[in-house]
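Participant: Below you'll find the structure I mean.
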Amino acid sequence: MNKLHRHNNSCRCFLRKISTNYDAVLREDDVPEGYCGRCCECNKLGHTRLHPHQGYQDAWCDEHWQEVLTQPFKPWYRRRSFIAFIIGLGAIALLADCS
Ligand SMILES: [Zn+2]
Ligand SMILES: [Zn+2]
């Protein structure tokens, strides 16, 4: 699709070109050259970008990035990473109770 959308100025691809450390971190995460992150929705290879409406930065694959652009409102509490975080907190609370 539109190249402007695929590579806006918040993409971190340039960072892996100038920082070998950052490049190594991405390689450890199985992110090959040409990408700079994994989609926060489906874990596919993608690029880090600034959310056009909510102002946070995360990674999206091209498919979900189109979704973000066409469906601007997606509440933060519906994001999978947040739900996983809450479940993790719950597990820690349970463990703390038992000990
Ligand atoms: Zn990128
Ligand atoms: Zn995705």
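For the structure tokens, the naming scheme is as follows: chains receive sequential letters (A, B, ...) according to their order of presentation, residues are indexed from 1 within each chain, and ligands are indexed from 1 in presentation order.
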Please identify which residues in chain A DSSP calls helix (DSSP H, G or I) from the backbone, and express them as number ranges by chain.
Facilitator: A: 3-6, 13-18, 20-28, 62-70, 76-78, 80-98
Participant: Restricting it to C-alpha atoms, dump the selection as an mmCIF file, in the first residue's frame.
Facilitator:
```cif
data_model
loop_
_atom_site.group_PDB
_atom_site.id
_atom_site.type_symbol
_atom_site.label_atom_id
_atom_site.label_comp_id
_atom_site.auth_asym_id
_atom_site.auth_seq_id
_atom_site.Cartn_x
_atom_site.Cartn_y
_atom_site.Cartn_z
ATOM 1 C CA LYS A 3 4.700 3.884 1.288
ATOM 2 C CA LEU A 4 4.142 6.809 3.608
ATOM 3 C CA HIS A 5 2.143 4.546 5.878
ATOM 4 C CA ARG A 6 4.545 1.653 5.733
ATOM 5 C CA CYS A 13 14.747 0.442 11.109
ATOM 6 C CA PHE A 14 17.277 3.246 10.942
ATOM 7 C CA LEU A 15 18.295 2.478 14.537
ATOM 8 C CA ARG A 16 19.434 -1.011 13.720
ATOM 9 C CA LYS A 17 21.598 0.434 10.971
ATOM 10 C CA ILE A 18 23.363 2.844 13.297
ATOM 11 C CA THR A 20 24.906 -2.727 16.472
ATOM 12 C CA ASN A 21 23.522 -3.243 19.982
ATOM 13 C CA TYR A 22 19.977 -2.600 18.873
ATOM 14 C CA ASP A 23 20.516 -4.806 15.845
ATOM 15 C CA ALA A 24 21.725 -7.623 18.106
ATOM 16 C CA VAL A 25 18.673 -7.307 20.355
ATOM 17 C CA LEU A 26 16.373 -7.596 17.354
ATOM 18 C CA ARG A 27 18.294 -10.566 15.996
ATOM 19 C CA GLU A 28 17.917 -12.294 19.350
ATOM 20 C CA ASP A 62 1.405 -4.257 7.752
ATOM 21 C CA GLU A 63 -1.962 -5.944 8.090
ATOM 22 C CA HIS A 64 -2.682 -4.706 11.598
ATOM 23 C CA TRP A 65 -1.210 -1.323 10.828
ATOM 24 C CA GLN A 66 -3.897 -0.919 8.171
ATOM 25 C CA GLU A 67 -6.417 -1.877 10.841
ATOM 26 C CA VAL A 68 -5.030 0.754 13.188
ATOM 27 C CA LEU A 69 -5.332 3.341 10.439
ATOM 28 C CA THR A 70 -8.885 2.393 9.480
ATOM 29 C CA TRP A 76 -5.949 0.271 25.632
ATOM 30 C CA TYR A 77 -7.651 -2.358 27.814
ATOM 31 C CA ARG A 78 -8.477 -4.435 24.756
ATOM 32 C CA ARG A 80 -3.531 -8.342 24.318
ATOM 33 C CA SER A 81 -0.293 -7.227 25.902
ATOM 34 C CA PHE A 82 -2.255 -5.423 28.588
ATOM 35 C CA ILE A 83 -4.479 -8.430 29.286
ATOM 36 C CA ALA A 84 -1.398 -10.644 29.585
ATOM 37 C CA PHE A 85 0.060 -8.131 32.018
ATOM 38 C CA ILE A 86 -3.074 -8.269 34.224
ATOM 39 C CA ILE A 87 -3.077 -12.083 34.171
ATOM 40 C CA GLY A 88 0.585 -12.002 35.177
ATOM 41 C CA LEU A 89 -0.191 -9.658 38.061
ATOM 42 C CA GLY A 90 -2.979 -11.974 39.187
ATOM 43 C CA ALA A 91 -0.642 -14.958 39.142
ATOM 44 C CA ILE A 92 1.946 -13.084 41.195
ATOM 45 C CA ALA A 93 -0.754 -12.074 43.715
ATOM 46 C CA LEU A 94 -1.868 -15.694 44.031
ATOM 47 C CA LEU A 95 1.679 -16.916 44.552
ATOM 48 C CA ALA A 96 2.287 -14.238 47.157
ATOM 49 C CA ASP A 97 -0.849 -15.318 49.030
ATOM 50 C CA CYS A 98 0.203 -18.950 49.149
#
```
Participant: So which residues are near ligand 2, meaning at most 7 Å away with only C-alpha atoms and all ligand atoms counted, given back as a list in words?
Facilitator: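 Written in the requested form, the residues are Cys39, Cys40, Glu41, Cys42, Asn43, Lys44, Trp60, Cys61, Asp62, Glu63 and His64 of chain A.
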Participant: Write to file, as a PDB file, in the first residue's frame, the residues of the selection just made, with C-alpha atoms.
Facilitator:
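Contents of out.pdb, freshly written:
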```
ATOM      1  CA  CYS A  39       3.347  -6.989  15.804  1.00  0.00           C
ATOM      2  CA  CYS A  40       1.715  -6.378  19.190  1.00  0.00           C
ATOM      3  CA  GLU A  41      -1.432  -8.076  17.901  1.00  0.00           C
ATOM      4  CA  CYS A  42      -0.225 -11.207  16.148  1.00  0.00           C
ATOM      5  CA  ASN A  43       3.539 -11.321  16.753  1.00  0.00           C
ATOM      6  CA  LYS A  44       4.290 -11.253  13.019  1.00  0.00           C
ATOM      7  CA  TRP A  60       2.529  -3.628  14.019  1.00  0.00           C
ATOM      8  CA  CYS A  61       2.639  -5.856  10.963  1.00  0.00           C
ATOM      9  CA  ASP A  62       1.405  -4.257   7.752  1.00  0.00           C
ATOM     10  CA  GLU A  63      -1.962  -5.944   8.090  1.00  0.00           C
ATOM     11  CA  HIS A  64      -2.682  -4.706  11.598  1.00  0.00           C
TER      12      HIS A  64
END
```
Participant: Under the rule of at most 6 Å, produce a per-residue listing of chain A near ligand 1: chain, number, name, the closest pair of atoms, and the distance in Å, as a tab-separated table, using only C-alpha atoms and all ligand atoms.
Facilitator:
```
residue	atom	partner	partner_atom_place_in_ligand_line	distance
A:Cys11	CA	ligand 1	1 (Zn)	4.5
A:Arg12	CA	ligand 1	1 (Zn)	5.0
A:Cys13	CA	ligand 1	1 (Zn)	3.9
A:Tyr35	CA	ligand 1	1 (Zn)	4.8
A:Cys36	CA	ligand 1	1 (Zn)	4.3
A:His47	CA	ligand 1	1 (Zn)	4.0
A:Thr48	CA	ligand 1	1 (Zn)	5.8
```
Participant: Would you list, as a list in words, the residues of range 4-61 of chain A that end up in strand (DSSP E) under DSSP run on this structure's backbone?
Facilitator: Gly37, Arg38, Leu45, Gly46, His47, Thr48, Arg49, Leu50, Gln57, Asp58, Ala59 and Trp60 of chain A
